[in-house]
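Novice: Please see the structure below; I have some questions.
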Amino acid sequence: MANDLFNDFEPVSSKQWKQQIQFELKGADYNETLLWHSPEDIKVKPFYHNDEFEPKLSVQTQASQFKIAQDIFVHDLDKSIWRAKDSIERGAESLRFTIADEKTDVAKLLGSLPLEKISVHFHLQFLSIDFVKQIDQIAIEKNATIYCNLDPIGHLAEDGNWFKNSDKDNFETLNKLSKETQSVSLMGIRAGLYQNAGANIVQQIAYSLSHANEYLNRVPEIKKPIVFEVSIGTNYFFEMAKLRALRLLFGLIAKEYNHDLDCHIIATPTKRNKTIYDYNVNMLRTTTECMSAVLGGADSVANLPYDVLYHKSNEFGERISRNQLLVLKNESYFDKVDNPADGSYYIENLTQQMAEKALALFKEIEANGGFLVKLGEGNIQKKIAESAEKEQQLFDSGKEILLGTNKYPNKNDQMAHDLELFPFVKNKPRKTLITPIIAKRLAEKMEQERLELEKQ
């Protein structure tokens with residue numbers, strides 16, 4: 001019956017659509033009026049049509065398998081174990097532990113968890129052979145899926161210094177671990193740093209791939225998937241295309257090393273567009289960002305609590321953030337279809353453009369010495385700072401809008417009394433090997449001015 005209905009209508013070609021649009025524009029130029037170029041110079045058309053669509057991509061994603069992840073900072077071990085168990089009981093399917101102290105009893109941390117049912121990620125703020133080998137032994141015994149996400153390059157980019165004394169020491173440690181571990185996935189790429197610092201989407205993809213290429217070059221015995229920890233911004237369809245382009249290009253690069261490595265993506269909403277004033281809007285922002293992550297093919301999604309900027313970890317904020325993902329999975333059915341973006345002319349076109357531009361930038365970086373060389377020269381930092389400044393100017397001028405902050409602010413909103421955390425960039429003058437890449441939110445200057453007014 002549906003086929004009969006559509007047969008009653010004559011097909012309309014893209015040429016006919018353009019002619020009708022041109023007529024409606026009453027003489028205005030089609031290209032100047034309706035074509036839009038993003039900050040990455042991605043061309044966006046007013047409509048997409050199947051007679052202009054040539055499928056070129058093959059990006060395999062599994063939205064049906066995406067896991068709801070919970071972030072846990074391990075300080076008090078017993079409390080962390082309780083939080084992990086409670087999170088699992090309330091719907092978490094993956095845990096990401098941030099650990100700063102290598103004396104942490106990781107056997108106790110993992111020993112009482114149902115590792116046969118969940119996956120575990122680690123964000124280690126140190127590089128220790130013994131600690132990782134201990135995790136590997138647990139993974140072997142429990143047949144557990146564990147990702148250690150070791151990333152000395154990411155630490156260098158964010159902190160300005162290596163974990164150990166030199167690049168040689170760090171890569172020797174990784175090579176030793178790649179030979180002496182069996183079950184855990186070792187490598188991670190802290191790709192979210194680039195987004196949170198203000199890099200545009202093409203830069204994020206290219207820098208993440210060039211970052212990963214350093215490991216492929218220097219650690220030849222990588223046997224397990226490389227994990228990309230990605231931040232998701234607010235541009236709904238662009239962010240879907242970003243993840244698809246990243247997965248596509250990583251597969252191409254890995255083949256050059258004769259690897260069939262999986263690209264495992266754990267996605268988290270960005271902090272760059274989050275605010276302390278009118279903070280409930282953060283829930284709307286993180287919801288659409290999580291939707292982009294799932295539809296773009298993230299393997300795991302760790303949501304941000306709406307109050308993450310100014311409150312310490314708390315049960316309410318974490319429950320709400322986890323429930324946002326549970327609603328997407330269990331009530332909105334985001335886990336029912338694999339490859340959900342396939343066949344969308346718009347998303348496929350965006351993916352193609354992003355992939356081409358990111359690959360060109362990747363090749364440029366590699367031709368000029370590679371990621372570490374460009375990082376050491378300050379080139380990466382400079383390019384990100386330039387992109388961040390352009391976006392900041394759009395925000396300051398009101399062209400990029402954050403509701404409740406630079407558009408329709410509630411002047412009676414008071415936040416000074418509610419800050420448990422310092423929500424701005426912290427200045428810590430110290431000697432570093434390179435200039436670190438600094439994450440910064442768009443609303444920081446405006447929020448600091450409002451906080452000063454509260455004190456008057």
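Here's how to read the names in the structure tokens: chain A, B, ... by the order shown, residue numbers from 1 in each chain, ligand numbers from 1 in the order shown.
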Find the residues near Gly188 of chain A: any atom within 7 Å, counting only C-alpha atoms, skip ones fewer than 5 places away on the same chain, and give them as a PyMOL selection string.
Specialist: chain A and resi 149-151+226-228
Novice: Which is closest to Arg322 of chain A among A:Lys407, A:Lys374, A:Arg90, A:His211, if we use only C-alpha atoms?
Specialist: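 When distances to Arg322 of chain A are compared using only C-alpha atoms, the smallest one comes from A:Arg90.
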Novice: Need to verify the contact set: segment 5-19 of chain A, 9 Å, only C-alpha atoms, exclusion of same-chain residues closer than 5 positions in sequence. Can you return it as a list in words?
Specialist: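 Returned residues: Glu24, Tyr30, Phe47, Tyr48, His49, Asn50, Asp51 and Glu52 of chain A.
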Novice: Extract the full set of helix (DSSP H, G or I) residues from segment 34-113 of chain A according to DSSP on the backbone, and format it as an MDAnalysis selection string.
Specialist: chainID A and resid 34 50:52 63:65 77:89 106:111
Novice: Rounded to one decimal in Å, what is the spacing between atom CA of Glu172 of chain A and atom CA of Phe126 of chain A?
Specialist: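 Calculated distance between atom CA of Glu172 of chain A and atom CA of Phe126 of chain A is 14.8 Å.
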Novice: Could you build a table of the residues in segment 245-332 of chain A lying no more than 12 Å from segment 109-125 of chain A, giving for each the nearest pair of atoms and their separation in Å rounded to one decimal place, using only C-alpha atoms, ordered by chain and ascending residue number, as a tab-separated table?
Specialist:
residue	atom	partner	partner_atom	distance
A:His264	CA	A:His121	CA	11.3
A:Ile265	CA	A:His121	CA	11.4
A:Ile266	CA	A:His121	CA	9.3
A:Asp299	CA	A:Ser119	CA	10.9
A:Ser300	CA	A:Ser119	CA	9.6
A:Val301	CA	A:His121	CA	11.8
A:Ala302	CA	A:His121	CA	11.0
Novice: Using all heavy atoms, can you write the selected residues to a file as a short mmCIF file (atom, residue, chain, number, x, y, z; two decimals), in the first residue's frame?
Specialist:
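Heads up, here's the output in result_29.cif:
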data_model
loop_
_atom_site.label_atom_id
_atom_site.label_comp_id
_atom_site.auth_asym_id
_atom_site.auth_seq_id
_atom_site.Cartn_x
_atom_site.Cartn_y
_atom_site.Cartn_z
N HIS A 264 38.17 1.49 19.43
CA HIS A 264 37.19 1.49 20.51
C HIS A 264 37.01 2.92 20.99
O HIS A 264 37.98 3.56 21.40
CB HIS A 264 37.65 0.59 21.65
CG HIS A 264 36.64 0.45 22.74
ND1 HIS A 264 35.75 -0.61 22.81
CD2 HIS A 264 36.36 1.24 23.80
CE1 HIS A 264 34.97 -0.47 23.87
NE2 HIS A 264 35.32 0.64 24.48
N ILE A 265 35.79 3.43 20.93
CA ILE A 265 35.53 4.83 21.27
C ILE A 265 34.69 4.90 22.54
O ILE A 265 33.61 4.32 22.62
CB ILE A 265 34.79 5.55 20.13
CG1 ILE A 265 35.66 5.59 18.87
CG2 ILE A 265 34.40 6.97 20.55
CD1 ILE A 265 34.96 6.16 17.65
N ILE A 266 35.22 5.63 23.54
CA ILE A 266 34.41 5.97 24.71
C ILE A 266 34.21 7.48 24.67
O ILE A 266 35.17 8.25 24.63
CB ILE A 266 35.06 5.50 26.03
CG1 ILE A 266 34.17 5.93 27.23
CG2 ILE A 266 36.49 5.97 26.19
CD1 ILE A 266 34.55 5.26 28.54
N ASP A 299 31.35 3.21 21.34
CA ASP A 299 31.19 1.90 21.98
C ASP A 299 30.68 2.05 23.41
O ASP A 299 29.93 1.20 23.89
CB ASP A 299 32.53 1.15 21.98
CG ASP A 299 33.02 0.89 20.57
OD1 ASP A 299 32.51 -0.04 19.94
OD2 ASP A 299 33.89 1.64 20.09
N SER A 300 31.14 3.10 24.09
CA SER A 300 30.67 3.40 25.45
C SER A 300 30.44 4.90 25.55
O SER A 300 31.11 5.69 24.89
CB SER A 300 31.70 2.98 26.49
OG SER A 300 31.97 1.60 26.44
N VAL A 301 29.49 5.28 26.40
CA VAL A 301 29.21 6.70 26.62
C VAL A 301 29.19 6.95 28.12
O VAL A 301 28.45 6.30 28.86
CB VAL A 301 27.86 7.12 26.00
CG1 VAL A 301 27.64 8.63 26.20
CG2 VAL A 301 27.80 6.77 24.53
N ALA A 302 30.03 7.88 28.57
CA ALA A 302 30.06 8.28 29.97
C ALA A 302 29.53 9.71 30.06
O ALA A 302 30.21 10.65 29.62
CB ALA A 302 31.48 8.20 30.52
#
Novice: Quick one: everything within 12 Å of segment 35-41 of chain A, counting only C-alpha atoms, minus sequence neighbours fewer than 2 positions away in the same chain. Send it as a count of residues only.
Specialist: 37
Novice: List every residue of segment 140-222 of chain A that DSSP, applied to the backbone of this structure, places in strand (DSSP E), and write the result as a list of chain:residue names.
Specialist: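 Of segment 140-222 of chain A, only A:Thr145, A:Ile146, A:Tyr147, A:Cys148, A:Asn149, A:Leu150, A:Ser185, A:Leu186, A:Met187, A:Gly188, A:Ile189 fall in strand (DSSP E).
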